[in-house]
Structures are given as structure tokens and as C-alpha cells.
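Visitor: Okay, so here is entry_30.txt, and as you'll see once you scroll down, it has compact mmCIF, C-alpha atoms and all ligand atoms.
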```txt
# COMPACT_ATOMS: atom_id res chain seq x y z
CA LEU A 1 -33.93 -4.84 10.44
CA VAL A 2 -31.19 -2.67 11.92
CA GLU A 3 -30.14 -5.66 14.02
CA ILE A 4 -30.10 -8.06 11.08
CA VAL A 5 -28.06 -5.57 9.10
CA SER A 6 -25.53 -5.07 11.89
CA ALA A 7 -25.33 -8.83 12.51
CA ASN A 8 -24.00 -9.07 8.93
CA ARG A 9 -21.39 -6.42 9.42
CA ASP A 10 -18.39 -8.69 9.84
CA LEU A 11 -19.27 -10.91 6.88
CA PRO A 12 -17.60 -10.36 3.51
CA ALA A 13 -19.26 -8.08 0.97
CA GLU A 14 -20.14 -10.65 -1.66
CA THR A 15 -23.21 -11.80 -3.54
CA GLU A 16 -24.92 -15.12 -2.76
CA ASP A 17 -23.00 -16.70 -5.64
CA GLY A 18 -19.67 -15.36 -4.40
CA ILE A 19 -18.97 -12.23 -6.44
CA ALA A 20 -16.79 -10.07 -4.20
CA ILE A 21 -17.44 -6.36 -4.11
CA SER A 22 -14.85 -4.03 -2.64
CA LEU A 23 -16.57 -1.59 -0.27
CA GLN A 24 -14.75 1.57 0.73
CA ILE A 25 -15.68 4.72 2.59
CA ASN A 26 -15.82 8.40 1.67
CA ALA A 27 -14.20 10.73 4.16
CA GLY A 28 -13.33 14.35 4.48
CA LEU A 29 -12.41 15.19 8.02
CA ASN A 30 -10.34 13.38 10.59
CA ALA A 31 -11.02 10.03 9.05
CA ASP A 32 -9.50 8.16 12.00
CA HIS A 33 -12.49 8.97 14.21
CA GLN A 34 -14.97 8.02 11.53
CA HIS A 35 -14.08 4.37 11.17
CA GLU A 36 -13.96 3.36 14.79
CA ASN A 37 -17.29 1.55 14.87
CA LEU A 38 -17.51 0.30 11.34
CA GLY A 39 -17.64 -3.21 9.94
CA PRO A 40 -14.88 -4.23 7.52
CA PHE A 41 -14.12 -1.96 4.59
CA GLU A 42 -11.30 -2.01 2.10
CA GLY A 43 -10.00 1.51 2.40
CA ILE A 44 -10.93 5.13 1.83
CA GLY A 45 -12.21 5.35 -1.74
CA LEU A 46 -12.53 9.12 -1.63
CA TYR A 47 -10.89 11.52 0.77
CA ARG A 48 -12.20 15.00 -0.04
CA THR A 49 -9.19 17.20 0.82
CA GLU A 50 -11.13 20.44 0.29
CA ILE A 51 -13.03 20.00 3.55
CA PRO A 52 -10.04 20.76 5.83
CA PHE A 53 -9.18 23.66 3.47
CA MET A 54 -12.71 25.05 3.86
CA MET A 55 -12.52 25.00 7.63
CA ARG A 56 -9.57 27.40 7.86
CA GLU A 57 -8.89 31.08 7.39
CA ARG A 58 -5.96 30.61 5.00
CA PHE A 59 -4.40 27.93 2.85
CA PRO A 60 -2.88 25.24 5.10
CA THR A 61 0.90 25.07 4.83
CA GLU A 62 2.71 22.03 3.44
CA LYS A 63 3.56 21.01 7.00
CA GLU A 64 -0.05 21.32 8.20
CA GLN A 65 -1.25 19.29 5.23
CA TYR A 66 1.48 16.72 5.77
CA GLN A 67 0.40 16.20 9.40
CA LEU A 68 -3.23 15.78 8.47
CA TYR A 69 -2.56 13.40 5.56
CA LYS A 70 -0.12 11.36 7.63
CA GLN A 71 -2.76 10.86 10.31
CA ILE A 72 -5.28 9.68 7.74
CA LEU A 73 -2.89 7.35 5.91
CA LYS A 74 -1.79 5.91 9.26
CA SER A 75 -5.35 5.36 10.42
CA CYS A 76 -5.90 3.15 7.39
CA ARG A 77 -2.56 1.30 7.39
CA ASP A 78 -2.38 -1.48 4.77
CA LYS A 79 -5.56 -0.23 3.14
CA PRO A 80 -5.52 2.19 0.22
CA VAL A 81 -6.53 5.80 0.76
CA VAL A 82 -7.58 7.70 -2.36
CA MET A 83 -6.85 11.37 -1.75
CA ARG A 84 -8.44 13.73 -4.18
CA THR A 85 -6.55 16.91 -5.00
CA LEU A 86 -8.28 20.15 -4.03
CA ASP A 87 -11.77 20.37 -5.54
CA VAL A 88 -12.92 23.89 -4.71
CA GLY A 89 -15.11 26.18 -6.81
CA GLY A 90 -18.62 25.14 -7.80
CA ASP A 91 -20.51 24.77 -4.54
CA LYS A 92 -17.36 24.54 -2.41
CA PRO A 93 -16.05 28.04 -1.68
CA LEU A 94 -12.88 28.86 0.21
CA PRO A 95 -13.62 31.88 2.42
CA TYR A 96 -10.09 33.22 1.88
CA PHE A 97 -10.00 32.64 -1.89
CA PRO A 98 -13.21 34.09 -3.33
CA ILE A 99 -14.22 33.10 -6.84
CA GLN A 100 -17.00 35.25 -8.35
CA GLU A 101 -18.65 33.66 -11.37
CA GLU A 102 -22.05 33.57 -13.01
CA ASN A 103 -21.92 29.83 -13.54
CA PRO A 104 -19.64 28.39 -10.87
CA PHE A 105 -20.44 24.77 -11.76
CA LEU A 106 -19.26 25.45 -15.30
CA GLY A 107 -16.39 27.55 -14.18
CA TRP A 108 -13.10 27.55 -12.41
CA ARG A 109 -13.34 24.49 -10.19
CA GLY A 110 -11.30 21.43 -9.29
CA ILE A 111 -8.29 20.73 -11.46
CA ARG A 112 -8.95 23.87 -13.54
CA MET A 113 -8.16 26.12 -10.60
CA THR A 114 -5.21 24.12 -9.28
CA LEU A 115 -3.53 23.85 -12.70
CA ASP A 116 -3.76 27.65 -12.96
CA HIS A 117 -2.12 27.78 -9.52
CA PRO A 118 0.53 25.07 -9.68
CA GLU A 119 2.03 26.34 -6.43
CA ILE A 120 -1.17 25.26 -4.60
CA PHE A 121 -1.21 21.90 -6.40
CA LEU A 122 2.50 21.21 -5.84
CA VAL A 123 2.37 22.01 -2.12
CA GLN A 124 -0.57 19.66 -1.71
CA VAL A 125 0.99 16.80 -3.69
CA ARG A 126 4.32 17.23 -1.89
CA ALA A 127 2.51 16.99 1.47
CA MET A 128 0.73 13.82 0.31
CA LEU A 129 3.94 12.23 -0.97
CA ARG A 130 5.83 13.00 2.22
CA ALA A 131 2.98 11.64 4.33
CA ASN A 132 3.07 8.42 2.29
CA VAL A 133 6.71 7.63 3.19
CA GLY A 134 6.85 4.31 5.02
CA LEU A 135 3.13 3.71 4.55
CA HIS A 136 2.66 3.34 0.78
CA ASN A 137 -1.13 3.35 0.88
CA LEU A 138 -1.68 6.70 -0.87
CA GLN A 139 -3.43 6.98 -4.22
CA ILE A 140 -4.01 10.38 -5.86
CA LEU A 141 -7.26 11.28 -7.62
CA LEU A 142 -7.79 14.24 -9.96
CA PRO A 143 -11.21 15.98 -9.94
CA MET A 144 -13.14 17.66 -12.80
CA ILE A 145 -10.91 16.44 -15.60
CA SER A 146 -12.33 17.23 -19.04
CA THR A 147 -9.28 17.06 -21.34
CA VAL A 148 -6.23 14.88 -21.94
CA ASP A 149 -4.09 18.01 -21.57
CA GLU A 150 -5.21 18.39 -17.96
CA VAL A 151 -4.25 14.79 -17.22
CA GLU A 152 -0.83 15.32 -18.80
CA GLU A 153 -0.20 18.58 -16.99
CA ALA A 154 -1.31 17.22 -13.61
CA THR A 155 0.84 14.11 -14.11
CA ARG A 156 3.82 16.29 -15.00
CA LEU A 157 3.37 18.27 -11.77
CA ILE A 158 2.95 15.08 -9.70
CA ASN A 159 6.19 13.73 -11.21
CA GLN A 160 7.94 17.02 -10.47
CA ALA A 161 6.78 16.91 -6.84
CA TYR A 162 7.82 13.26 -6.63
CA PHE A 163 11.40 13.94 -7.79
CA GLU A 164 11.71 17.05 -5.61
CA VAL A 165 10.58 15.25 -2.47
CA ARG A 166 12.68 12.18 -3.24
CA ASN A 167 15.83 14.24 -3.77
CA GLU A 168 15.23 16.10 -0.52
CA LEU A 169 14.60 12.96 1.51
CA VAL A 170 17.45 10.81 0.17
CA GLN A 171 19.92 13.39 1.45
CA THR A 172 19.13 12.31 5.02
CA ASN A 173 18.14 8.72 4.25
CA PRO A 174 19.91 7.22 1.22
CA ASN A 175 18.03 3.91 1.52
CA LEU A 176 14.64 5.56 1.56
CA ASP A 177 11.84 3.38 0.27
CA PHE A 178 9.93 5.97 -1.73
CA LYS A 179 7.30 4.90 -4.24
CA ARG A 180 5.27 6.85 -6.75
CA PRO A 181 1.59 6.42 -5.81
CA LEU A 182 -1.09 5.31 -8.23
CA VAL A 183 -2.82 8.24 -9.93
CA GLY A 184 -6.44 8.21 -11.08
CA VAL A 185 -8.97 10.47 -12.72
CA MET A 186 -12.56 11.19 -11.74
CA ILE A 187 -15.19 10.63 -14.38
CA GLU A 188 -17.64 13.43 -13.73
CA VAL A 189 -17.63 15.45 -16.97
CA PRO A 190 -19.60 13.68 -19.72
CA ALA A 191 -16.98 14.41 -22.41
CA LEU A 192 -14.70 11.99 -20.58
CA LEU A 193 -16.90 9.07 -21.61
CA TYR A 194 -15.55 9.37 -25.13
CA GLN A 195 -11.94 9.97 -24.12
CA LEU A 196 -11.44 6.90 -21.96
CA ASP A 197 -9.22 5.27 -24.59
CA ALA A 198 -6.92 8.28 -24.71
CA ILE A 199 -6.77 8.76 -20.94
CA ALA A 200 -6.56 5.13 -19.79
CA PRO A 201 -2.88 4.63 -20.77
CA LYS A 202 -1.94 7.75 -18.80
CA VAL A 203 -3.57 6.80 -15.47
CA ASP A 204 -3.80 3.85 -13.08
CA PHE A 205 -7.53 3.95 -12.32
CA PHE A 206 -10.80 5.78 -12.78
CA SER A 207 -13.41 6.76 -10.21
CA VAL A 208 -16.93 7.72 -11.25
CA GLY A 209 -18.36 10.76 -9.44
CA THR A 210 -22.05 10.17 -10.01
CA ASN A 211 -23.03 13.38 -8.20
CA ASP A 212 -21.39 15.64 -10.73
CA LEU A 213 -21.80 13.26 -13.65
CA THR A 214 -25.58 13.37 -13.11
CA GLN A 215 -25.50 17.16 -12.87
CA TYR A 216 -23.53 17.55 -16.10
CA MET A 217 -25.19 14.75 -18.08
CA LEU A 218 -28.63 16.18 -17.37
CA ALA A 219 -27.69 19.88 -17.26
CA VAL A 220 -29.31 20.17 -13.82
CA ASP A 221 -27.68 22.16 -11.01
CA ARG A 222 -27.26 19.60 -8.23
CA ASN A 223 -28.30 22.15 -5.58
CA ASN A 224 -31.22 23.94 -7.27
CA PRO A 225 -34.51 22.84 -5.65
CA ARG A 226 -36.54 24.05 -8.65
CA VAL A 227 -35.06 21.42 -10.90
CA ALA A 228 -34.39 18.83 -8.19
CA SER A 229 -36.91 16.38 -9.67
CA LEU A 230 -34.88 16.31 -12.90
CA TYR A 231 -31.68 15.52 -11.03
CA ASP A 232 -32.09 11.78 -11.33
CA THR A 233 -29.33 9.16 -11.43
CA LEU A 234 -31.91 6.74 -12.80
CA ASN A 235 -32.50 8.82 -15.94
CA PRO A 236 -31.96 6.32 -18.80
CA GLY A 237 -29.30 8.61 -20.31
CA MET A 238 -27.34 8.40 -17.07
CA LEU A 239 -27.72 4.62 -16.80
CA HIS A 240 -26.45 4.12 -20.35
CA ALA A 241 -23.50 6.39 -19.54
CA LEU A 242 -22.66 4.27 -16.50
CA GLN A 243 -22.92 1.10 -18.53
CA HIS A 244 -20.67 2.54 -21.22
CA ILE A 245 -18.03 3.42 -18.61
CA ILE A 246 -17.87 -0.04 -17.02
CA GLN A 247 -17.85 -1.78 -20.40
CA ARG A 248 -15.07 0.42 -21.82
CA CYS A 249 -12.96 0.29 -18.65
CA THR A 250 -13.29 -3.50 -18.57
CA GLU A 251 -12.15 -3.71 -22.20
CA LEU A 252 -9.28 -1.36 -21.43
CA ARG A 253 -8.46 -3.36 -18.26
CA LYS A 254 -8.47 -0.18 -16.20
CA PRO A 255 -9.80 -0.41 -12.64
CA VAL A 256 -12.87 1.74 -12.09
CA SER A 257 -14.85 2.43 -8.93
CA VAL A 258 -17.85 4.57 -8.07
CA CYS A 259 -17.58 7.18 -5.31
CA GLY A 260 -20.70 9.30 -5.82
CA GLU A 261 -23.81 9.00 -3.62
CA MET A 262 -25.33 6.43 -5.98
CA ALA A 263 -22.89 3.81 -4.66
CA GLY A 264 -24.37 4.11 -1.16
CA ASP A 265 -27.99 4.07 -2.31
CA PRO A 266 -29.61 0.61 -2.15
CA GLY A 267 -31.16 0.71 -5.64
CA GLY A 268 -28.13 2.47 -7.08
CA ALA A 269 -25.68 -0.06 -5.65
CA ILE A 270 -27.75 -2.98 -7.02
CA LEU A 271 -27.71 -1.47 -10.49
CA LEU A 272 -24.00 -0.70 -10.42
CA VAL A 273 -23.16 -4.27 -9.39
CA ALA A 274 -25.55 -5.60 -12.05
CA MET A 275 -23.67 -3.52 -14.66
CA GLY A 276 -20.37 -5.01 -13.53
CA TYR A 277 -18.93 -2.49 -11.08
CA ARG A 278 -16.97 -4.29 -8.35
CA SER A 279 -15.74 -1.37 -6.28
CA LEU A 280 -18.01 1.08 -4.45
CA SER A 281 -17.11 3.91 -2.08
CA MET A 282 -19.79 5.43 0.13
CA SER A 283 -20.63 7.44 3.23
CA THR A 284 -19.94 5.40 6.35
CA HIS A 285 -23.60 5.29 7.38
CA ASN A 286 -24.50 3.30 4.25
CA LEU A 287 -21.80 0.66 4.57
CA ASP A 288 -23.62 -2.01 6.62
CA LYS A 289 -26.85 -1.59 4.66
CA ILE A 290 -25.16 -2.01 1.29
CA ARG A 291 -23.15 -5.01 2.49
CA TRP A 292 -26.37 -6.67 3.65
CA ILE A 293 -28.09 -6.02 0.31
CA LEU A 294 -25.15 -7.36 -1.69
CA ARG A 295 -25.21 -10.57 0.33
CA HIS A 296 -28.78 -11.17 -0.85
CA LEU A 297 -28.16 -10.78 -4.57
CA ASP A 298 -27.09 -13.29 -7.18
CA SER A 299 -25.81 -12.81 -10.71
CA LYS A 300 -28.74 -14.42 -12.45
CA MET A 301 -31.26 -12.19 -10.70
CA LEU A 302 -29.05 -9.17 -11.42
CA GLN A 303 -28.88 -9.98 -15.14
CA VAL A 304 -32.67 -10.23 -15.41
CA LEU A 305 -33.08 -6.96 -13.53
CA LEU A 306 -30.46 -5.19 -15.63
CA THR A 307 -32.12 -6.21 -18.90
CA GLN A 308 -35.45 -4.82 -17.67
CA VAL A 309 -33.87 -1.63 -16.36
CA MET A 310 -31.85 -0.91 -19.49
CA SER A 311 -34.90 -1.23 -21.70
CA SER A 312 -36.96 1.12 -19.49
CA THR A 313 -37.74 4.52 -20.96
CA HIS A 314 -38.80 6.32 -17.77
CA PRO A 315 -36.91 6.71 -14.47
CA ASP A 316 -40.12 5.85 -12.60
CA GLN A 317 -40.23 2.45 -14.29
CA VAL A 318 -36.67 1.84 -13.09
CA ARG A 319 -37.60 2.98 -9.59
CA ARG A 320 -40.53 0.54 -9.57
CA LEU A 321 -38.34 -2.36 -10.64
CA LEU A 322 -35.82 -1.53 -7.93
CA ARG A 323 -38.50 -1.12 -5.29
CA ILE A 324 -39.94 -4.55 -6.09
CA LYS A 325 -36.46 -6.05 -5.95
CA LEU A 326 -35.66 -4.38 -2.60
CA GLU A 327 -39.00 -5.40 -1.10
CA GLY A 328 -38.32 -8.94 -2.24
CA LEU A 329 -35.07 -8.90 -0.26
CA GLY A 330 -36.98 -7.94 2.89
C1 LIG A 401 -19.11 13.35 -7.28
O1 LIG A 401 -19.16 14.35 -7.98
O2 LIG A 401 -19.86 12.36 -7.43
C2 LIG A 401 -18.15 13.26 -6.16
C3 LIG A 401 -17.93 12.14 -5.51
O3 LIG A 401 -17.52 14.40 -5.80
P1 LIG A 401 -18.19 15.60 -4.99
O4 LIG A 401 -19.54 15.14 -4.51
O5 LIG A 401 -17.24 15.90 -3.90
O6 LIG A 401 -18.28 16.67 -6.02
MG MG A 402 -17.63 15.86 -7.92
```
Write out the structure in this file as C-alpha cells.
Ligand code: PEP
Ligand code: MG

Guide:
Amino acid sequence: LVEIVSANRDLPAETEDGIAISLQINAGLNADHQHENLGPFEGIGLYRTEIPFMMRERFPTEKEQYQLYKQILKSCRDKPVVMRTLDVGGDKPLPYFPIQEENPFLGWRGIRMTLDHPEIFLVQVRAMLRANVGLHNLQILLPMISTVDEVEEATRLINQAYFEVRNELVQTNPNLDFKRPLVGVMIEVPALLYQLDAIAPKVDFFSVGTNDLTQYMLAVDRNNPRVASLYDTLNPGMLHALQHIIQRCTELRKPVSVCGEMAGDPGGAILLVAMGYRSLSMSTHNLDKIRWILRHLDSKMLQVLLTQVMSSTHPDQVRRLLRIKLEGLG
């Protein structure tokens, strides 16, 4: 099977009846080493910037961040790289910036922390914008958004960084080709489901973080083994949430992709494509497998499956349907 899957690796990611799915990779370290032996992919759909922050003893300087981001943007030339602004707190501590809280997952994490420390946010965005000069493949993604205010404030800071950096750079290069990157928001807090209309006009794209969305939809700590059996992306509540998101984003004509683990899971990817998602970002080790599966699907079969799945009342029923489908593919 491994051989059949790798034999498919240079073929396009599309269903049997020609529906193209954009496959991207999730990255967090020196991404240039990670994609050496991969089949085709359309970019980095999620670059987790907190990982290099977590591996140091202090906040990296603007210059250090610039060098790192430049290397990553260069390694993906011509393909978009979605860099997420610092998402620490929750289960991602910074050794040199301790946050003590009783409920870290409901606390000061992601955009909440960086908006309270605009100096951290601005340095990071400035480094990203400078790294993007001459490459133009940067996109910026905001984590843990739960209010329109946060989107407005983060956008205001991104614009401030943009004008600062532009004014600095045009002094030495008056013809500088400097573009504002696309800015997107992660959908990982359930309240966002009912604020898509208000947020859509303010952003360029959405990206669904199914890891946190599952945790918050189901009120289940994603790392607590005691409740691990309840942490289930196939819970009907979760599936209806995902369907709502793709339907609303399609109506609003706002691009939306999925970057949580569900996108790299065979059953999860099938369901997402059946719902209408056309852009999936996953760990590199899932890329060939998911491409192979997509090439064995067709829209009619997906519609039948989706109808059965969406009328299921138990996650185990959904799992059974997916298992039968996957076994049928070989
Ligand atoms: C997610 O929450 O699904 C996600 C992609 O972000 P992270 O796993 O880094 O929290
Ligand atoms: Mg998340």
C-alpha cells in the first residue's frame, strides 16, 4: 500500500470526477528541511511561529525573527505561506514568560496575550513584513479570535507595522515593491460561528482549527486523558458546526481552509471534502495518503455518504460509515 500511495505522489490532488483540492502542509520549525522529500503541495497552510519561540531562552529579536521567516518564505517561493502570529498560553508555555492560570485553555492565550502586549505583536509582524519583501508569499493568520474587536485591533496593529516598515524601507529604496499581505482569522472558538458575517468583510480568509474547535465545542480539554474519549471530531455537534462554517463562508465568498489534525485524517478529510471544503493543510506525513484517498473519491459517492453521516446521531455510527468507505477504497 505504501508503494501505491507513493506512486501517486506526483499526481494532482483531485477526485475521480476532477474536483481539485488544494493540499498544504503544517510546519513549525525550519520548514525548508521538512519539504525536501514531499510530493507536490500548494504551500504552507499553517506555520506555527510559537515553536521557535518555545525553543529559546528569551523572546527572539526582530532581526532573529526576520531571518527565520525569510528562510521559510524563500523555501516556499511562489507558494503561499500562512504564518500564524504567536499562539502561546494554553498548552504552549514560554519558559521565559510564565503564565500561571487555573484554566489556561480558557485564559490568556493566542491573540489575547499579544494584544495586551502590542510590542510583542508589532515586532513579530514587522519581522514578517520585512521578510516578505521581494517574495510576496506571506499571509498572516490570527489565532484564538473570539470577538470582532480583536480582529479590528489586530488589523490596526498590522496596518501600523506595514506603514512603519514601508516608510523605513522606501528611504533606501524608493521603488520598493511592498505589498500588504492577506490577513486571515482562525475559527477555533465556537462563538465565531455566529460572527462570520461581521468578521468576513474585515479579513481575507478563514482557517478552521479543528483541534481547538473540538475542544471548545465539546468542553473537553484536548490533553486530558480522562475525557479523551469525549474529544471527538466526529461528534454530530462538531460536524454540524463544520458544515455551517463551509456553507456560510461559501455564501459570503470568503476562502476557508482547514488546518487542524482532522484535515490529515483519512475519514476526516473525506468528510470535509464531502461538505465542500477545498483546501486542507496537514502534517507532512499525511500528505501522500490523503492525496491517494482523494483520487479515489467522486462527488456522487461523497453526497450519499454526507447525507448518511449528517443524519447519524452517534459518533460511532459515523466512524462505521467512514470505515466501510475507506475499506471500499482498498
Ligand atoms: C487547531 O487548533 O486546530 C490548530 C491548528 O492550532 P493548534 O493545534 O496549534 O492549536
Ligand atoms: Mg489552535

Visitor: What does the distance from atom CA of A:Lys254 to atom C3 of ligand LIG 401 (chain A) come to in Å, to one decimal?

Guide: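 Here the two named atoms are 18.9 Å from each other.
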
Visitor: Excluding same-chain residues fewer than 4 positions from A:Ile25, what lies within 6 Å of it counting all atoms listed in the file, as a compact mmCIF listing (two decimals) with C-alpha atoms, in the coordinates of the input?

Guide:
```txt
# COMPACT_ATOMS: atom_id res chain seq x y z
CA ILE A 44 -10.93 5.13 1.83
CA GLY A 45 -12.21 5.35 -1.74
CA SER A 281 -17.11 3.91 -2.08
CA MET A 282 -19.79 5.43 0.13
CA SER A 283 -20.63 7.44 3.23
CA THR A 284 -19.94 5.40 6.35
```

Visitor: With 7 Å as the cut-off and only C-alpha atoms and all ligand atoms counted, what is the closest atom pair between each nearby residue of chain A and ligand LIG 401 (chain A)? Distances in Å to one decimal, ordered by chain and number, as CSV.

Guide:
```
residue,atom,partner,partner_atom,distance
A:Arg48,CA,A:LIG401,O5,6.4
A:Glu188,CA,A:LIG401,O1,6.0
A:Val208,CA,A:LIG401,O2,6.7
A:Gly209,CA,A:LIG401,O2,3.0
A:Thr210,CA,A:LIG401,O2,4.0
A:Asn211,CA,A:LIG401,O2,3.4
A:Asp212,CA,A:LIG401,O1,3.8
A:Leu213,CA,A:LIG401,O1,6.3
A:Cys259,CA,A:LIG401,C3,5.0
A:Gly260,CA,A:LIG401,O2,3.6
A:Glu261,CA,A:LIG401,O2,6.4
```

Visitor: Would you save the residues of that selection, restricted to C-alpha atoms, as a PDB file, keeping the file's coordinate frame?

Guide:
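Saved result, part_8.pdb, follows:
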```pdb
ATOM      1  CA  ARG A  48     -12.200  15.000  -0.040  1.00  0.00           C
ATOM      2  CA  GLU A 188     -17.640  13.430 -13.730  1.00  0.00           C
ATOM      3  CA  VAL A 208     -16.930   7.720 -11.250  1.00  0.00           C
ATOM      4  CA  GLY A 209     -18.360  10.760  -9.440  1.00  0.00           C
ATOM      5  CA  THR A 210     -22.050  10.170 -10.010  1.00  0.00           C
ATOM      6  CA  ASN A 211     -23.030  13.380  -8.200  1.00  0.00           C
ATOM      7  CA  ASP A 212     -21.390  15.640 -10.730  1.00  0.00           C
ATOM      8  CA  LEU A 213     -21.800  13.260 -13.650  1.00  0.00           C
ATOM      9  CA  CYS A 259     -17.580   7.180  -5.310  1.00  0.00           C
ATOM     10  CA  GLY A 260     -20.700   9.300  -5.820  1.00  0.00           C
ATOM     11  CA  GLU A 261     -23.810   9.000  -3.620  1.00  0.00           C
TER      12      GLU A 261
END
```

Visitor: Please provide the set of residues having any atom within 12 Å of A:Ala131, restricted to all atoms listed in the file, with same-chain residues fewer than 6 positions apart removed, written as number ranges by chain.

Guide: A: 62-74, 81, 83, 124-125, 137-139, 165, 178-179, 181

Visitor: Put those residues in a file: C-alpha atoms, as an mmCIF file, in the coordinates of the input.

Guide:
```cif
data_model
loop_
_atom_site.group_PDB
_atom_site.id
_atom_site.type_symbol
_atom_site.label_atom_id
_atom_site.label_comp_id
_atom_site.auth_asym_id
_atom_site.auth_seq_id
_atom_site.Cartn_x
_atom_site.Cartn_y
_atom_site.Cartn_z
ATOM 1 C CA GLU A 62 2.710 22.030 3.440
ATOM 2 C CA LYS A 63 3.560 21.010 7.000
ATOM 3 C CA GLU A 64 -0.050 21.320 8.200
ATOM 4 C CA GLN A 65 -1.250 19.290 5.230
ATOM 5 C CA TYR A 66 1.480 16.720 5.770
ATOM 6 C CA GLN A 67 0.400 16.200 9.400
ATOM 7 C CA LEU A 68 -3.230 15.780 8.470
ATOM 8 C CA TYR A 69 -2.560 13.400 5.560
ATOM 9 C CA LYS A 70 -0.120 11.360 7.630
ATOM 10 C CA GLN A 71 -2.760 10.860 10.310
ATOM 11 C CA ILE A 72 -5.280 9.680 7.740
ATOM 12 C CA LEU A 73 -2.890 7.350 5.910
ATOM 13 C CA LYS A 74 -1.790 5.910 9.260
ATOM 14 C CA VAL A 81 -6.530 5.800 0.760
ATOM 15 C CA MET A 83 -6.850 11.370 -1.750
ATOM 16 C CA GLN A 124 -0.570 19.660 -1.710
ATOM 17 C CA VAL A 125 0.990 16.800 -3.690
ATOM 18 C CA ASN A 137 -1.130 3.350 0.880
ATOM 19 C CA LEU A 138 -1.680 6.700 -0.870
ATOM 20 C CA GLN A 139 -3.430 6.980 -4.220
ATOM 21 C CA VAL A 165 10.580 15.250 -2.470
ATOM 22 C CA PHE A 178 9.930 5.970 -1.730
ATOM 23 C CA LYS A 179 7.300 4.900 -4.240
ATOM 24 C CA PRO A 181 1.590 6.420 -5.810
#
```

Visitor: Which residues are near ligand MG 402 (chain A) - at most 12 Å, using all atoms listed in the file? Format: as a ChimeraX atom specification.

Guide: /A:46-48,50,84-92,105,109-111,141-145,185-189,207-216,222,258-261

Visitor: Can you work out the spacing between atom CA of A:Asp197 and atom CA of A:Thr250 in Å, to one decimal?

Guide: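 Taking atom CA of A:Asp197 and atom CA of A:Thr250, their separation equals 11.4 Å.
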
Visitor: Using 5 Å of padding on each side, determine the axis-aligned box around all atoms of stretch 39-56 of chain A present in the file and give its centre and edge lengths in Å to one decimal, as AutoDock Vina command-line options.

Guide:
```
--center_x -13.4 --center_y 11.6 --center_z 4.1 --size_x 18.5 --size_y 41.6 --size_z 21.7
```

Visitor: Suppose you want the space between atom CA of A:Ala263 and atom CA of A:Ile140; what is it in Å?

Guide: 20.0 Å

Visitor: Nearest residue to A:Pro255 out of A:Leu182, A:Leu234, A:Ile120, A:Met275, using all atoms listed in the file?

Guide: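 Looking only at the distances to A:Pro255, the closest residue turns out to be A:Leu182.
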
Visitor: Nearest to A:Gln195: which of A:Gln171, A:Arg9, A:Asp149, A:Leu135 is it, counting all atoms listed in the file?

Guide: A:Asp149

Visitor: Env of A:Gly328: 12 Å cut, atoms = all atoms listed in the file, seq-sep filter 6 positions within chain, self excluded. Answer as an NGL selection string.

Guide: :A and (293 or 296-297 or 301 or 321-322)

Visitor: Go through A:Glu42, A:Asp221, A:Asp298, A:Glu251 and flag the residue nearest A:Leu106, using only C-alpha atoms for the distances.

Guide: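 Among the listed residues, A:Asp221 lies closest to A:Leu106.
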
Visitor: Which one is closest to A:Ser311: A:Lys202, A:Arg56, A:Arg323, A:His240? Count only C-alpha atoms.

Guide: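 Distance minimum relative to A:Ser311 lands on A:His240.
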
Visitor: Find the residue from A:Val256, A:Cys76, A:Leu11, A:Ala241 that sits nearest to A:Tyr277; use all atoms listed in the file when measuring.

Guide: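 Checking each candidate against A:Tyr277, we get A:Val256 as the closest.
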
Visitor: Hey, which of A:Phe205, A:Asp232, A:Val309, A:Met238 ends up closest to A:Val220? Count all atoms listed in the file.

Guide: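 Going through A:Phe205, A:Asp232, A:Val309, A:Met238 one by one, the smallest distance to A:Val220 is for A:Asp232.
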
Visitor: For A:Pro266, work out the shell of residues within 12 Å, counting all atoms listed in the file and skipping chain neighbours fewer than 5 positions away, then give it as a list in words.

Guide: Glu261, Leu271, Leu272, Val273, Leu280, Met282, Asn286, Leu287, Asp288, Lys289, Ile290, Arg291, Trp292, Ile293, Leu294, His296, Leu297, Arg319, Leu322, Arg323, Lys325, Leu326, Glu327 and Leu329 of chain A
